[in-house]
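Asks: What follows is my_file_30.tsv; its format and atoms are TSV, C-alpha atoms.
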```tsv
chain	number	residue	atom	x	y	z
A	1	MET	CA	8.40	9.48	44.09
A	2	ALA	CA	8.35	6.99	41.22
A	3	GLU	CA	7.10	3.50	42.03
A	4	GLU	CA	9.80	0.84	41.78
A	5	VAL	CA	9.28	-1.50	38.83
A	6	ALA	CA	9.80	-5.20	39.44
A	7	ALA	CA	12.55	-6.79	37.39
A	8	ALA	CA	11.92	-9.68	35.05
A	9	ASN	CA	12.33	-13.09	36.63
A	10	VAL	CA	13.96	-15.06	33.84
A	11	PRO	CA	16.95	-17.42	34.15
A	12	ARG	CA	19.78	-15.42	32.59
A	13	ASP	CA	21.88	-18.34	31.36
A	14	ALA	CA	18.88	-20.06	29.77
A	15	LEU	CA	17.84	-16.83	28.09
A	16	ARG	CA	21.34	-16.28	26.72
A	17	GLU	CA	21.42	-19.81	25.36
A	18	GLN	CA	18.05	-19.40	23.68
A	19	ILE	CA	19.08	-16.11	22.07
A	20	ARG	CA	22.44	-17.55	21.03
A	21	ASP	CA	20.75	-20.53	19.38
A	22	ARG	CA	18.31	-18.30	17.51
A	23	TYR	CA	20.97	-15.98	16.13
A	24	SER	CA	23.37	-18.79	15.31
A	25	SER	CA	20.56	-20.20	13.17
A	26	LEU	CA	20.04	-16.80	11.58
A	27	ALA	CA	23.75	-16.59	10.74
A	28	ALA	CA	23.58	-20.00	9.07
A	29	GLU	CA	20.21	-19.65	7.35
A	30	PRO	CA	19.19	-16.00	6.88
A	31	ASN	CA	16.59	-16.93	4.27
A	32	ALA	CA	14.89	-19.62	6.34
A	33	GLY	CA	11.69	-17.61	6.73
A	34	TRP	CA	11.91	-15.86	10.09
A	35	HIS	CA	8.86	-14.41	11.81
A	36	PHE	CA	10.74	-11.10	12.15
A	37	ASN	CA	12.04	-8.99	9.25
A	38	VAL	CA	15.65	-9.41	8.17
A	39	GLY	CA	17.92	-8.32	5.36
A	40	LYS	CA	18.12	-5.49	2.86
A	41	SER	CA	14.42	-4.70	2.82
A	42	LEU	CA	14.44	-4.21	6.60
A	43	ALA	CA	17.53	-2.00	6.45
A	44	MET	CA	15.93	0.21	3.81
A	45	MET	CA	12.74	0.43	5.87
A	46	LEU	CA	14.84	1.63	8.82
A	47	GLY	CA	16.48	4.44	6.88
A	48	TYR	CA	19.76	3.03	5.60
A	49	SER	CA	20.53	4.15	2.06
A	50	GLU	CA	20.81	1.61	-0.72
A	51	ASP	CA	24.43	2.67	-1.22
A	52	GLU	CA	25.21	1.93	2.43
A	53	ILE	CA	23.55	-1.46	2.26
A	54	ASP	CA	25.27	-2.42	-0.97
A	55	SER	CA	28.65	-1.36	0.45
A	56	VAL	CA	28.73	-4.38	2.77
A	57	PRO	CA	29.01	-7.98	1.54
A	58	PRO	CA	25.58	-9.42	0.70
A	59	GLU	CA	26.00	-12.30	3.15
A	60	ILE	CA	26.30	-9.67	5.91
A	61	ALA	CA	23.37	-7.56	4.75
A	62	GLU	CA	21.07	-10.58	4.47
A	63	THR	CA	21.45	-11.32	8.20
A	64	PHE	CA	20.64	-7.77	9.33
A	65	ALA	CA	17.94	-7.88	12.03
A	66	GLY	CA	18.06	-4.45	13.67
A	67	THR	CA	15.27	-2.31	15.05
A	68	GLY	CA	16.49	1.10	13.86
A	69	ASN	CA	19.47	3.03	12.53
A	70	PRO	CA	21.98	4.30	15.13
A	71	PHE	CA	23.66	6.47	12.49
A	72	SER	CA	20.46	8.48	12.04
A	73	LEU	CA	21.29	10.18	15.35
A	74	GLU	CA	24.69	11.37	14.16
A	75	ARG	CA	27.36	10.24	11.75
A	76	LEU	CA	30.50	8.94	13.44
A	77	ARG	CA	33.65	11.03	13.20
A	78	PRO	CA	37.04	10.02	11.83
A	79	GLY	CA	39.34	8.85	14.58
A	80	GLU	CA	36.63	7.86	17.07
A	81	GLN	CA	36.84	4.67	19.12
A	82	VAL	CA	33.52	2.84	18.79
A	83	LEU	CA	31.88	-0.06	20.60
A	84	ASP	CA	29.22	-1.94	18.64
A	85	LEU	CA	27.28	-3.91	21.25
A	86	GLY	CA	25.54	-6.99	19.88
A	87	CYS	CA	27.20	-6.53	16.51
A	88	GLY	CA	25.70	-9.64	14.96
A	89	ALA	CA	27.21	-10.36	11.55
A	90	GLY	CA	28.71	-6.88	11.48
A	91	PHE	CA	26.37	-4.79	9.35
A	92	ASP	CA	26.64	-1.68	11.54
A	93	THR	CA	30.23	-2.56	12.48
A	94	LEU	CA	31.43	-2.33	8.89
A	95	LEU	CA	29.59	0.93	8.25
A	96	ALA	CA	31.05	2.37	11.47
A	97	ALA	CA	34.57	1.22	10.60
A	98	ARG	CA	34.45	3.15	7.33
A	99	GLN	CA	33.12	6.28	9.03
A	100	VAL	CA	35.90	6.40	11.65
A	101	ALA	CA	38.74	5.39	9.31
A	102	PRO	CA	41.65	5.72	8.96
A	103	HIS	CA	42.63	6.24	12.61
A	104	GLY	CA	39.46	5.21	14.43
A	105	ARG	CA	38.52	1.66	15.33
A	106	VAL	CA	35.48	-0.44	16.14
A	107	VAL	CA	35.31	-3.04	18.90
A	108	ALA	CA	32.45	-5.36	17.99
A	109	VAL	CA	31.02	-7.43	20.86
A	110	ASP	CA	28.54	-10.28	20.55
A	111	MET	CA	27.75	-13.43	22.51
A	112	THR	CA	27.23	-15.52	19.37
A	113	GLN	CA	30.45	-16.85	17.85
A	114	ALA	CA	28.78	-17.68	14.53
A	115	MET	CA	27.88	-14.02	14.10
A	116	LEU	CA	31.38	-12.83	15.07
A	117	ASP	CA	32.87	-15.19	12.49
A	118	LYS	CA	30.74	-13.55	9.79
A	119	ALA	CA	31.75	-10.09	11.00
A	120	ASP	CA	35.44	-11.05	10.81
A	121	THR	CA	34.97	-12.42	7.30
A	122	GLY	CA	33.14	-9.27	6.20
A	123	ALA	CA	35.85	-6.99	7.55
A	124	ALA	CA	38.53	-9.03	5.82
A	125	ARG	CA	36.65	-8.96	2.51
A	126	LEU	CA	36.45	-5.16	2.67
A	127	GLY	CA	40.07	-4.76	3.77
A	128	LEU	CA	39.06	-3.10	7.05
A	129	ASP	CA	41.87	-3.53	9.56
A	130	ASN	CA	40.25	-1.30	12.20
A	131	VAL	CA	37.69	-3.88	13.37
A	132	GLU	CA	38.23	-6.12	16.37
A	133	THR	CA	35.59	-8.66	17.38
A	134	ARG	CA	35.25	-9.91	20.95
A	135	LEU	CA	33.01	-12.57	22.46
A	136	GLY	CA	31.20	-11.23	25.49
A	137	PHE	CA	28.05	-10.07	27.27
A	138	ALA	CA	26.48	-6.64	27.59
A	139	GLU	CA	26.43	-6.85	31.39
A	140	ASN	CA	30.19	-7.55	31.55
A	141	LEU	CA	31.79	-6.01	28.50
A	142	PRO	CA	35.27	-7.21	27.46
A	143	VAL	CA	36.30	-3.60	26.92
A	144	GLU	CA	38.73	-1.35	28.77
A	145	SER	CA	37.31	1.39	31.01
A	146	ALA	CA	37.18	4.92	29.58
A	147	SER	CA	38.35	3.74	26.15
A	148	ILE	CA	35.30	4.38	23.95
A	149	ASP	CA	34.02	7.58	22.33
A	150	VAL	CA	30.71	6.18	21.05
A	151	VAL	CA	28.60	3.14	21.90
A	152	ILE	CA	26.32	2.00	19.10
A	153	SER	CA	23.79	-0.79	19.43
A	154	ASN	CA	20.83	-1.96	17.38
A	155	GLY	CA	18.02	-3.94	18.97
A	156	VAL	CA	20.14	-5.55	21.68
A	157	VAL	CA	19.53	-3.80	25.00
A	158	ASN	CA	15.90	-4.97	24.92
A	159	LEU	CA	17.18	-8.57	25.03
A	160	CYS	CA	18.95	-7.96	28.35
A	161	PRO	CA	16.81	-8.42	31.47
A	162	ASP	CA	19.23	-6.39	33.66
A	163	LYS	CA	19.28	-3.11	31.76
A	164	LEU	CA	20.77	-1.18	34.67
A	165	ALA	CA	23.83	-3.43	34.53
A	166	VAL	CA	24.12	-2.73	30.80
A	167	MET	CA	23.92	1.03	31.37
A	168	ARG	CA	26.56	0.82	34.10
A	169	GLU	CA	28.85	-0.94	31.66
A	170	PHE	CA	28.23	1.74	29.05
A	171	HIS	CA	29.17	4.37	31.62
A	172	ARG	CA	32.31	2.43	32.55
A	173	VAL	CA	33.68	2.00	29.03
A	174	LEU	CA	32.83	5.49	27.75
A	175	LYS	CA	35.38	8.27	27.91
A	176	PRO	CA	34.28	11.49	29.64
A	177	GLY	CA	31.98	13.22	27.18
A	178	GLY	CA	31.35	10.00	25.26
A	179	ARG	CA	27.93	9.31	23.79
A	180	LEU	CA	25.37	6.59	23.12
A	181	GLN	CA	23.76	6.05	19.72
A	182	ILE	CA	21.31	3.25	20.34
A	183	ALA	CA	18.43	2.02	18.23
A	184	ASP	CA	16.05	-0.22	20.14
A	185	MET	CA	12.45	-0.99	21.04
A	186	VAL	CA	10.81	1.12	23.74
A	187	VAL	CA	7.65	0.23	25.63
A	188	HIS	CA	5.52	3.16	26.76
A	189	LYS	CA	3.46	1.37	29.40
A	190	GLU	CA	4.05	-1.16	32.13
A	191	ILE	CA	4.40	-4.78	31.01
A	192	PRO	CA	2.50	-7.36	33.12
A	193	GLN	CA	4.85	-9.37	35.31
A	194	GLU	CA	3.78	-12.69	33.77
A	195	VAL	CA	4.75	-11.37	30.35
A	196	LYS	CA	8.14	-10.14	31.58
A	197	ASP	CA	8.77	-13.53	33.12
A	198	ASP	CA	8.01	-15.51	29.91
A	199	ILE	CA	11.41	-16.46	28.53
A	200	ASP	CA	10.03	-17.33	25.08
A	201	LEU	CA	8.85	-13.74	24.59
A	202	TRP	CA	12.33	-12.34	25.27
A	203	SER	CA	14.06	-14.01	22.37
A	204	GLY	CA	11.37	-13.27	19.78
```
What's the structure tokens form of this structure?
Replies:
Amino acid sequence: MAEEVAAANVPRDALREQIRDRYSSLAAEPNAGWHFNVGKSLAMMLGYSEDEIDSVPPEIAETFAGTGNPFSLERLRPGEQVLDLGCGAGFDTLLAARQVAPHGRVVAVDMTQAMLDKADTGAARLGLDNVETRLGFAENLPVESASIDVVISNGVVNLCPDKLAVMREFHRVLKPGGRLQIADMVVHKEIPQEVKDDIDLWSG
């Protein structure tokens, strides 16, 4: 029987506020010199093609801060209903919207309004009318049950201390037979409790 792993003891609202502040700053100043990689060079390192990167507005690409490429698992299919969790400025959202067009759609959820504003602007610039942005949290998604074919996410689940709640929400919103295409960071050994409980380490 597997030993139960203790959850992180971090104040959820304070963590959300810290993450929101950090990514609001990234939306406003993508070239401010972040201690983590951002932008086109990161996207290319993670396997996006130059054509894909250049197909989105540069002000969207420059804020990209993912940890992988959810489309490397499988290309989305025309007509699919997609949830992009933690969409940020919409880099993956815009790529997904083109893949599922003309009859598919993308619901892009983020808790940072500054990022959603950039995603809306990017979709408008590209003439994509199949993107809908919604303000919300991973643990309580503003998405109808059994309405989504594919959940994509890029470096967001690791920021959520209650990952079981996130997975339950994925299960709720997915249609029967739906799938997850998530790029994220995975730890292969137990993290000391004092590290898990350090709020500053959660938000990078």
Asks: Kindly give the distance, in Å, that separates atom CA of A:Gly86 and atom CA of A:Gly104, rounded to a single decimal.
Replies: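 Rounded to one decimal, the two atoms are 19.3 Å apart.
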Asks: Report, in Å with one decimal, the straight-line distance from atom CA of A:Gly66 to atom CA of A:Leu164.
Replies: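 Distance between the two atoms: 21.4 Å.
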Asks: Under the rule that all atoms listed in the file are counted, which of A:Val156, A:Leu141, A:Val166, A:Met111 is the nearest residue to A:Gly68?
Replies: A:Val156
Asks: Out of A:Asp117, A:Asp13, A:Glu80, A:Asp21, which residue has the shortest atom-to-atom distance to A:Asn130 when counting all atoms listed in the file?
Replies: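 Among the listed residues, the smallest separation from A:Asn130 belongs to A:Glu80.
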Asks: Return the single residue from A:Gln81, A:Thr121, A:Asn158, A:Gln18 that is closest to A:Glu59, with distances computed using all atoms listed in the file.
Replies: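 Once distances to A:Glu59 are computed over all atoms listed in the file, the minimum belongs to A:Thr121.
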Asks: Could you name the residues that touch A:Glu132 at 7 Å or less, counting all atoms listed in the file, but leaving out those on the same chain fewer than 5 positions away, as a PyMOL selection string?
Replies: chain A and resi 106-108
Asks: Write out, as an mmCIF file, in the coordinates of the input, the residues just selected, with C-alpha atoms.
Replies:
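And here's selection28.cif as it stands now:
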```cif
data_model
loop_
_atom_site.group_PDB
_atom_site.id
_atom_site.type_symbol
_atom_site.label_atom_id
_atom_site.label_comp_id
_atom_site.auth_asym_id
_atom_site.auth_seq_id
_atom_site.Cartn_x
_atom_site.Cartn_y
_atom_site.Cartn_z
ATOM 1 C CA VAL A 106 35.480 -0.440 16.140
ATOM 2 C CA VAL A 107 35.310 -3.040 18.900
ATOM 3 C CA ALA A 108 32.450 -5.360 17.990
#
```
Asks: For stretch 169-176 of chain A, find every residue with an atom within 8 Å (counting only C-alpha atoms), except residues of its own chain fewer than 4 positions away, and show them as a list in words.
Replies: Ala138, Glu139, Asn140, Leu141, Val143, Glu144, Ser145, Ala146, Ser147, Ile148, Asp149, Val150, Val151 and Ala165 of chain A
Asks: Step by step, gather every atom of stretch 63-80 of chain A that the file lists, find the box along x, y and z that holds them, add 3 Å on each side, and finally give centre and edge lengths in Å to one decimal, as AutoDock Vina command-line options.
Replies:
```
--center_x 27.3 --center_y 0.0 --center_z 12.6 --size_x 30.1 --size_y 28.7 --size_z 14.9
```
Asks: Could you pull the residues within 12 Å of A:Gly47, counting only C-alpha atoms, minus those fewer than 6 positions along the same chain, as a VMD selection string?
Replies: chain A and resid 40 to 41 53 66 to 73 183
Asks: Here is a test: counting only C-alpha atoms, which residue of A:Leu46, A:Ala61, A:Leu85, A:Val131 is nearest to A:Val157?
Replies: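 That would be A:Leu85, the residue with the smallest distance to A:Val157.
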Asks: Go ahead and compute the interatomic distance for atom CA of A:Arg134 and atom CA of A:Leu94, in Å to one decimal.
Replies: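 Separating atom CA of A:Arg134 from atom CA of A:Leu94 is a distance of 14.7 Å.
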Asks: Counting all atoms listed in the file, which of A:Ala96, A:Val38, A:Met44, A:Ala119 gets nearest to A:Pro57?
Replies: A:Ala119
Asks: Smallest atom-to-atom distance to A:Ala43: which of A:Ala114, A:Leu126, A:Leu159, A:Ala65, using all atoms listed in the file?
Replies: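 Of A:Ala114, A:Leu126, A:Leu159, A:Ala65, the one nearest A:Ala43, counting all atoms listed in the file, is A:Ala65.
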Asks: At a cut-off of 6 Å around the point (31.0, -5.2, 9.3) (file coordinates), what residues fall inside when counting all atoms listed in the file? I'd like the answer as a ChimeraX atom specification.
Replies: /A:90-91,93-94,119,122-123
Asks: Please supply stretch 116-129 of chain A, rebuilt with N, CA and C atoms, as a PDB file, in the coordinates of the input.
Replies:
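Result file is selection-v9.pdb:
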```pdb
ATOM      1  N   LEU A 116      30.055 -13.456  15.072  1.00  0.00           N
ATOM      2  CA  LEU A 116      31.380 -12.830  15.070  1.00  0.00           C
ATOM      3  C   LEU A 116      32.237 -13.348  13.918  1.00  0.00           C
ATOM      4  N   ASP A 117      32.114 -14.633  13.617  1.00  0.00           N
ATOM      5  CA  ASP A 117      32.870 -15.190  12.490  1.00  0.00           C
ATOM      6  C   ASP A 117      32.482 -14.502  11.181  1.00  0.00           C
ATOM      7  N   LYS A 118      31.185 -14.237  11.004  1.00  0.00           N
ATOM      8  CA  LYS A 118      30.740 -13.550   9.790  1.00  0.00           C
ATOM      9  C   LYS A 118      31.245 -12.111   9.772  1.00  0.00           C
ATOM     10  N   ALA A 119      31.250 -11.459  10.929  1.00  0.00           N
ATOM     11  CA  ALA A 119      31.750 -10.090  11.000  1.00  0.00           C
ATOM     12  C   ALA A 119      33.236 -10.039  10.638  1.00  0.00           C
ATOM     13  N   ASP A 120      34.013 -10.990  11.143  1.00  0.00           N
ATOM     14  CA  ASP A 120      35.440 -11.050  10.810  1.00  0.00           C
ATOM     15  C   ASP A 120      35.644 -11.256   9.311  1.00  0.00           C
ATOM     16  N   THR A 121      34.858 -12.155   8.736  1.00  0.00           N
ATOM     17  CA  THR A 121      34.970 -12.420   7.300  1.00  0.00           C
ATOM     18  C   THR A 121      34.604 -11.185   6.488  1.00  0.00           C
ATOM     19  N   GLY A 122      33.547 -10.478   6.903  1.00  0.00           N
ATOM     20  CA  GLY A 122      33.140  -9.270   6.200  1.00  0.00           C
ATOM     21  C   GLY A 122      34.195  -8.190   6.256  1.00  0.00           C
ATOM     22  N   ALA A 123      34.800  -7.992   7.421  1.00  0.00           N
ATOM     23  CA  ALA A 123      35.850  -6.990   7.550  1.00  0.00           C
ATOM     24  C   ALA A 123      37.052  -7.329   6.681  1.00  0.00           C
ATOM     25  N   ALA A 124      37.403  -8.601   6.653  1.00  0.00           N
ATOM     26  CA  ALA A 124      38.530  -9.030   5.820  1.00  0.00           C
ATOM     27  C   ALA A 124      38.230  -8.817   4.339  1.00  0.00           C
ATOM     28  N   ARG A 125      37.026  -9.130   3.919  1.00  0.00           N
ATOM     29  CA  ARG A 125      36.650  -8.960   2.510  1.00  0.00           C
ATOM     30  C   ARG A 125      36.743  -7.504   2.079  1.00  0.00           C
ATOM     31  N   LEU A 126      36.414  -6.582   2.997  1.00  0.00           N
ATOM     32  CA  LEU A 126      36.450  -5.160   2.670  1.00  0.00           C
ATOM     33  C   LEU A 126      37.800  -4.522   2.961  1.00  0.00           C
ATOM     34  N   GLY A 127      38.742  -5.296   3.468  1.00  0.00           N
ATOM     35  CA  GLY A 127      40.070  -4.760   3.770  1.00  0.00           C
ATOM     36  C   GLY A 127      40.079  -3.793   4.940  1.00  0.00           C
ATOM     37  N   LEU A 128      39.139  -3.984   5.886  1.00  0.00           N
ATOM     38  CA  LEU A 128      39.060  -3.100   7.050  1.00  0.00           C
ATOM     39  C   LEU A 128      39.890  -3.700   8.185  1.00  0.00           C
ATOM     40  N   ASP A 129      40.996  -3.029   8.495  1.00  0.00           N
ATOM     41  CA  ASP A 129      41.870  -3.530   9.560  1.00  0.00           C
ATOM     42  C   ASP A 129      41.637  -2.808  10.884  1.00  0.00           C
TER      43      ASP A 129
END
```
